[in-house]
$ cat start33.pdb   # PDB, C-alpha atoms
ATOM      1  CA  MET A   1     -44.927 -18.794  26.017
ATOM      2  CA  PRO A   2     -47.047 -21.111  23.847
ATOM      3  CA  ASP A   3     -45.216 -23.920  22.077
ATOM      4  CA  VAL A   4     -46.233 -22.545  18.673
ATOM      5  CA  GLU A   5     -44.636 -19.170  19.473
ATOM      6  CA  ARG A   6     -41.447 -20.830  20.733
ATOM      7  CA  LEU A   7     -41.208 -22.965  17.579
ATOM      8  CA  ARG A   8     -41.639 -19.815  15.440
ATOM      9  CA  LEU A   9     -38.836 -18.049  17.352
ATOM     10  CA  ARG A  10     -36.579 -21.101  17.109
ATOM     11  CA  SER A  11     -37.149 -21.219  13.373
ATOM     12  CA  ARG A  12     -36.309 -17.515  13.010
ATOM     13  CA  VAL A  13     -33.148 -17.835  15.154
ATOM     14  CA  SER A  14     -32.013 -20.818  13.065
ATOM     15  CA  GLU A  15     -32.700 -18.917   9.830
ATOM     16  CA  LEU A  16     -30.738 -15.821  10.946
ATOM     17  CA  PHE A  17     -27.870 -17.997  12.199
ATOM     18  CA  SER A  18     -27.663 -19.745   8.811
ATOM     19  CA  GLN A  19     -27.738 -16.423   6.962
ATOM     20  CA  SER A  20     -24.755 -15.265   9.024
ATOM     21  CA  ARG A  21     -22.819 -18.410   7.977
ATOM     22  CA  SER A  22     -22.648 -19.494  11.637
ATOM     23  CA  ALA A  23     -20.929 -16.248  12.688
ATOM     24  CA  ALA A  24     -23.717 -14.477  14.615
ATOM     25  CA  GLY A  25     -23.980 -14.779  18.384
ATOM     26  CA  SER A  26     -26.963 -14.061  20.602
ATOM     27  CA  ARG A  27     -26.397 -10.284  20.546
ATOM     28  CA  SER A  28     -26.255 -10.119  16.740
ATOM     29  CA  ILE A  29     -29.298 -12.323  16.315
ATOM     30  CA  LEU A  30     -31.193 -10.297  18.936
ATOM     31  CA  SER A  31     -30.405  -7.098  17.042
ATOM     32  CA  LEU A  32     -31.648  -8.598  13.770
ATOM     33  CA  MET A  33     -34.819  -9.893  15.422
ATOM     34  CA  ARG A  34     -35.517  -6.516  17.029
ATOM     35  CA  ASP A  35     -35.065  -4.900  13.601
ATOM     36  CA  ASP A  36     -37.864  -7.234  12.459
ATOM     37  CA  GLY A  37     -40.078  -5.991  15.301
ATOM     38  CA  GLU A  38     -39.679  -8.923  17.718
ATOM     39  CA  GLN A  39     -39.906  -8.109  21.448
ATOM     40  CA  LEU A  40     -37.554 -10.431  23.337
ATOM     41  CA  GLY A  41     -34.333 -10.355  25.340
ATOM     42  CA  ARG A  42     -30.813 -11.619  24.762
ATOM     43  CA  PHE A  43     -31.119 -14.415  27.295
ATOM     44  CA  LYS A  44     -34.192 -15.746  25.463
ATOM     45  CA  VAL A  45     -32.210 -15.750  22.200
ATOM     46  CA  ARG A  46     -29.298 -17.419  23.995
ATOM     47  CA  SER A  47     -31.550 -20.173  25.372
ATOM     48  CA  LEU A  48     -33.099 -20.728  21.935
ATOM     49  CA  MET A  49     -29.613 -21.034  20.442
ATOM     50  CA  ARG A  50     -28.663 -23.585  23.119
ATOM     51  CA  GLU A  51     -31.803 -25.617  22.390
ATOM     52  CA  LEU A  52     -30.857 -25.643  18.712
ATOM     53  CA  GLU A  53     -27.193 -26.378  19.592
ATOM     54  CA  LEU A  54     -26.043 -23.342  17.592
ATOM     55  CA  VAL A  55     -22.505 -22.193  18.379
ATOM     56  CA  ARG A  56     -21.052 -19.184  16.615
ATOM     57  CA  LYS A  57     -17.852 -19.616  14.620
ATOM     58  CA  GLN A  58     -15.517 -16.691  14.015
ATOM     59  CA  PRO A  59     -12.589 -16.726  11.586
ATOM     60  CA  GLY A  60      -9.328 -17.715  13.237
ATOM     61  CA  SER A  61      -6.639 -15.170  13.899
ATOM     62  CA  HIS A  62      -4.134 -14.617  11.136
ATOM     63  CA  ALA A  63      -0.503 -15.484  11.726
ATOM     64  CA  TYR A  64       2.476 -14.552   9.576
ATOM     65  CA  LYS A  65       5.415 -16.918   9.451
ATOM     66  CA  ARG A  66       8.108 -15.733  11.859
ATOM     67  CA  ALA A  67      11.561 -15.149  10.460
ATOM     68  CA  THR A  68      14.122 -17.282  12.240
ATOM     69  CA  VAL A  69      17.324 -15.790  10.809
ATOM     70  CA  GLU A  70      18.390 -12.150  10.991
ATOM     71  CA  ARG A  71      19.952 -10.835   7.772
ATOM     72  CA  LEU A  72      23.132  -9.129   8.973
ATOM     73  CA  ASP A  73      24.519  -9.045   5.428
ATOM     74  CA  ILE A  74      21.899  -6.464   4.368
ATOM     75  CA  PRO A  75      22.766  -2.975   5.646
ATOM     76  CA  ASN A  76      20.215  -0.661   7.252
ATOM     77  CA  ILE A  77      20.504   2.151   4.687
ATOM     78  CA  LEU A  78      17.610   4.267   5.964
ATOM     79  CA  ASN A  79      18.676   4.082   9.635
ATOM     80  CA  ARG A  80      15.299   5.533  10.753
ATOM     81  CA  GLU A  81      15.896   8.835   8.906
ATOM     82  CA  PHE A  82      12.362   9.482   7.667
ATOM     83  CA  ASP A  83      12.801  13.128   6.608
ATOM     84  CA  VAL A  84      13.563  12.889   2.898
ATOM     85  CA  PRO A  85      14.392  16.085   0.903
ATOM     86  CA  ALA A  86      12.940  15.081  -2.498
ATOM     87  CA  ALA A  87      10.254  12.838  -3.961
ATOM     88  CA  ASN A  88      11.002   9.385  -5.424
ATOM     89  CA  GLN A  89      14.155   8.886  -3.354
ATOM     90  CA  VAL A  90      12.866   6.735  -0.494
ATOM     91  CA  TRP A  91       9.740   4.622  -0.365
ATOM     92  CA  CYS A  92       8.409   2.528   2.438
ATOM     93  CA  GLY A  93       5.751  -0.128   2.281
ATOM     94  CA  ASP A  94       3.707  -2.576   4.233
ATOM     95  CA  ILE A  95       1.514  -5.586   3.655
ATOM     96  CA  THR A  96      -1.673  -5.971   5.660
ATOM     97  CA  TYR A  97      -4.443  -8.546   5.602
ATOM     98  CA  ILE A  98      -8.191  -8.046   5.197
ATOM     99  CA  TRP A  99     -10.952 -10.610   5.859
ATOM    100  CA  ALA A 100     -13.497 -10.416   3.029
ATOM    101  CA  GLN A 101     -15.711 -12.872   1.155
ATOM    102  CA  GLY A 102     -14.842 -15.671   3.575
ATOM    103  CA  LYS A 103     -11.067 -15.575   3.100
ATOM    104  CA  TRP A 104      -7.966 -13.460   3.724
ATOM    105  CA  HIS A 105      -6.863 -10.900   1.139
ATOM    106  CA  TYR A 106      -3.518  -9.084   1.276
ATOM    107  CA  LEU A 107      -2.937  -5.413   0.479
ATOM    108  CA  ALA A 108       0.540  -4.061  -0.307
ATOM    109  CA  VAL A 109       0.991  -0.297  -0.138
ATOM    110  CA  VAL A 110       4.063   1.747  -1.112
ATOM    111  CA  LEU A 111       4.442   5.288   0.289
ATOM    112  CA  ASP A 112       6.773   8.055  -0.859
ATOM    113  CA  LEU A 113       8.410   9.281   2.364
ATOM    114  CA  CYS A 114       8.878  12.826   1.060
ATOM    115  CA  ALA A 115       5.346  13.385  -0.243
ATOM    116  CA  ARG A 116       3.749  11.153   2.439
ATOM    117  CA  ARG A 117       1.351   9.730  -0.133
ATOM    118  CA  VAL A 118       0.495   6.327  -1.594
ATOM    119  CA  VAL A 119       2.429   5.814  -4.812
ATOM    120  CA  GLY A 120       1.867   2.079  -5.277
ATOM    121  CA  ARG A 121      -0.695  -0.495  -4.223
ATOM    122  CA  ALA A 122      -1.792  -4.027  -5.039
ATOM    123  CA  LEU A 123      -4.233  -6.651  -3.768
ATOM    124  CA  SER A 124      -3.671 -10.419  -3.772
ATOM    125  CA  GLU A 125      -4.729 -13.671  -2.144
ATOM    126  CA  LYS A 126      -1.123 -14.453  -1.121
ATOM    127  CA  PRO A 127       1.432 -12.286   0.761
ATOM    128  CA  ASP A 128       4.368 -13.058  -1.509
ATOM    129  CA  ALA A 129       7.018 -11.196  -3.510
ATOM    130  CA  GLU A 130       4.657 -11.093  -6.498
ATOM    131  CA  LEU A 131       2.300  -8.878  -4.487
ATOM    132  CA  VAL A 132       5.114  -6.387  -3.796
ATOM    133  CA  ILE A 133       6.149  -6.441  -7.446
ATOM    134  CA  LYS A 134       2.545  -5.667  -8.488
ATOM    135  CA  ALA A 135       2.563  -2.643  -6.171
ATOM    136  CA  LEU A 136       5.867  -1.480  -7.674
ATOM    137  CA  VAL A 137       4.569  -1.990 -11.232
ATOM    138  CA  TRP A 138       1.592   0.210 -10.293
ATOM    139  CA  LEU A 139       4.079   2.738  -8.915
ATOM    140  CA  THR A 140       6.208   2.881 -12.075
ATOM    141  CA  SER A 141       3.151   3.125 -14.322
ATOM    142  CA  ASN A 142       2.094   6.301 -12.490
ATOM    143  CA  GLU A 143       5.466   8.002 -11.891
ATOM    144  CA  GLU A 144       7.308   9.525 -14.851
ATOM    145  CA  GLY A 145      11.022   8.919 -15.385
ATOM    146  CA  LEU A 146      11.588   5.947 -13.088
ATOM    147  CA  ARG A 147      14.161   3.466 -14.354
ATOM    148  CA  VAL A 148      15.375   1.161 -11.602
ATOM    149  CA  CYS A 149      14.490   0.878  -7.960
ATOM    150  CA  CYS A 150      15.351  -1.276  -4.971
ATOM    151  CA  PHE A 151      12.655  -2.030  -2.415
ATOM    152  CA  THR A 152      13.498  -3.283   1.080
ATOM    153  CA  ARG A 153      10.881  -4.960   3.244
ATOM    154  CA  ILE A 154      11.564  -5.047   6.971
ATOM    155  CA  LYS A 155       9.519  -7.348   9.231
ATOM    156  CA  GLY A 156      10.530  -7.506  12.868
ATOM    157  CA  ARG A 157      14.237  -8.225  12.949
ATOM    158  CA  SER A 158      14.348  -9.898   9.540
ATOM    159  CA  MET A 159      14.926  -8.011   6.327
ATOM    160  CA  ARG A 160      14.163  -9.106   2.797
ATOM    161  CA  VAL A 161      15.174  -7.261  -0.334
ATOM    162  CA  VAL A 162      13.169  -7.412  -3.537
ATOM    163  CA  TYR A 163      14.966  -6.005  -6.572
ATOM    164  CA  PHE A 164      12.713  -4.565  -9.200
ATOM    165  CA  ALA A 165      13.648  -3.072 -12.548
ATOM    166  CA  SER A 166      11.496  -0.936 -14.803
ATOM    167  CA  ALA A 167      12.051  -0.218 -18.487
ATOM    168  CA  ARG A 168      10.685   3.317 -18.221
ATOM    169  CA  ILE A 169      13.017   6.208 -18.930
TER     170      ILE A 169
END

$ encode --input "start33.pdb" --output "structure tokens"
Amino acid sequence: MPDVERLRLRSRVSELFSQSRSAAGSRSILSLMRDDGEQLGRFKVRSLMRELELVRKQPGSHAYKRATVERLDIPNILNREFDVPAANQVWCGDITYIWAQGKWHYLAVVLDLCARRVVGRALSEKPDAELVIKALVWLTSNEEGLRVCCFTRIKGRSMRVVYFASARI
């Protein structure tokens, strides 16, 4: 391969790597280059990346803080009975994390166990009690006649209770 051609390929690999914010590996860059009409193999892309000293960087794994104390003073009211006879009697919820725009975002969802549908949701940059309260505010703004509710969050063997009151009648 002529030196001019190799320099052109190196430049393109470097450009694509920068556009990916250092996340693309040889397979991803190869796919992008083939989309542009380039005819080369993965090992060629890998060797070009080594010459340029490009090493892909992926976001680290997310870790929640582990609870160290079990809350024996909070009773297990639901006791794994998930068949609920009427709506708005028992809700369950979860918080999950989503990688977007270069950082973690947290989504809280509240489900009505009778209807098996989402009745509350909220998005935040922190997985705190405020996120759960936002999801419950969304819930009470869409459900008629709710006055007061208690929401229990269970994570592993720990249990936290968030009390939430609504002024709706």

$ resolve_selection --input "start33.pdb" --expression "the PyMOL selection byres ((chain A and resi 113) around 9)" --output "short mmCIF file (atom, residue, chain, number, x, y, z; two decimals) with C-alpha atoms, keeping the file's coordinate frame"
data_model
loop_
_atom_site.label_atom_id
_atom_site.label_comp_id
_atom_site.auth_asym_id
_atom_site.auth_seq_id
_atom_site.Cartn_x
_atom_site.Cartn_y
_atom_site.Cartn_z
CA PHE A 82 12.36 9.48 7.67
CA ASP A 83 12.80 13.13 6.61
CA VAL A 84 13.56 12.89 2.90
CA ALA A 86 12.94 15.08 -2.50
CA ALA A 87 10.25 12.84 -3.96
CA ASN A 88 11.00 9.38 -5.42
CA GLN A 89 14.16 8.89 -3.35
CA VAL A 90 12.87 6.74 -0.49
CA TRP A 91 9.74 4.62 -0.36
CA CYS A 92 8.41 2.53 2.44
CA LEU A 111 4.44 5.29 0.29
CA ASP A 112 6.77 8.06 -0.86
CA CYS A 114 8.88 12.83 1.06
CA ALA A 115 5.35 13.38 -0.24
CA ARG A 116 3.75 11.15 2.44
CA ARG A 117 1.35 9.73 -0.13
#

$ atom_distance --input "start33.pdb" --atom1 "CA of Phe17 in chain A" --atom2 "CA of Ile29 in chain A"
7.2 Å

$ atom_distance --input "start33.pdb" --atom1 "CA of Asp94 in chain A" --atom2 "CA of Ala122 in chain A"
10.9 Å

$ atom_distance --input "start33.pdb" --atom1 "CA of Met33 in chain A" --atom2 "CA of Lys57 in chain A"
19.6 Å

$ closest_residue --input "start33.pdb" --among "A:Ser61, A:Ser26, A:Ser141, A:Thr96" --to "Pro127 in chain A" --atoms "all atoms listed in the file"
A:Thr96

$ closest_residue --input "start33.pdb" --among "A:Pro59, A:Val13, A:Ala108, A:Pro75" --to "Arg42 in chain A" --atoms "all atoms listed in the file"
A:Val13

$ resolve_selection --input "start33.pdb" --expression "the PyMOL selection byres ((chain A and resi 18-20) around 12)" --output "VMD selection string"
chain A and resid 11 to 17 21 to 26 28 to 29 32 49 52 54 to 58 102

$ axis_aligned_box --input "start33.pdb" --around "range 85-98 of chain A" --padding-each-side "3 Å" --output "lines of an AutoDock Vina configuration file"
center_x = 3.1
center_y = 3.8
center_z = 0.1
size_x = 28.6
size_y = 30.6
size_z = 17.1

$ resolve_selection --input "start33.pdb" --expression "the PyMOL selection byres ((chain A and resi 132) around 10)" --output "list of chain:residue names"
A:Gly93, A:Asp94, A:Ile95, A:Leu107, A:Ala108, A:Val109, A:Val110, A:Gly120, A:Arg121, A:Ala122, A:Leu123, A:Ser124, A:Pro127, A:Asp128, A:Ala129, A:Glu130, A:Leu131, A:Ile133, A:Lys134, A:Ala135, A:Leu136, A:Val137, A:Trp138, A:Phe151, A:Arg153, A:Val162, A:Phe164

$ closest_residue --input "start33.pdb" --among "A:Leu9, A:Leu40, A:Ile98, A:Val119" --to "Arg27 in chain A" --atoms "all atoms listed in the file"
A:Leu40
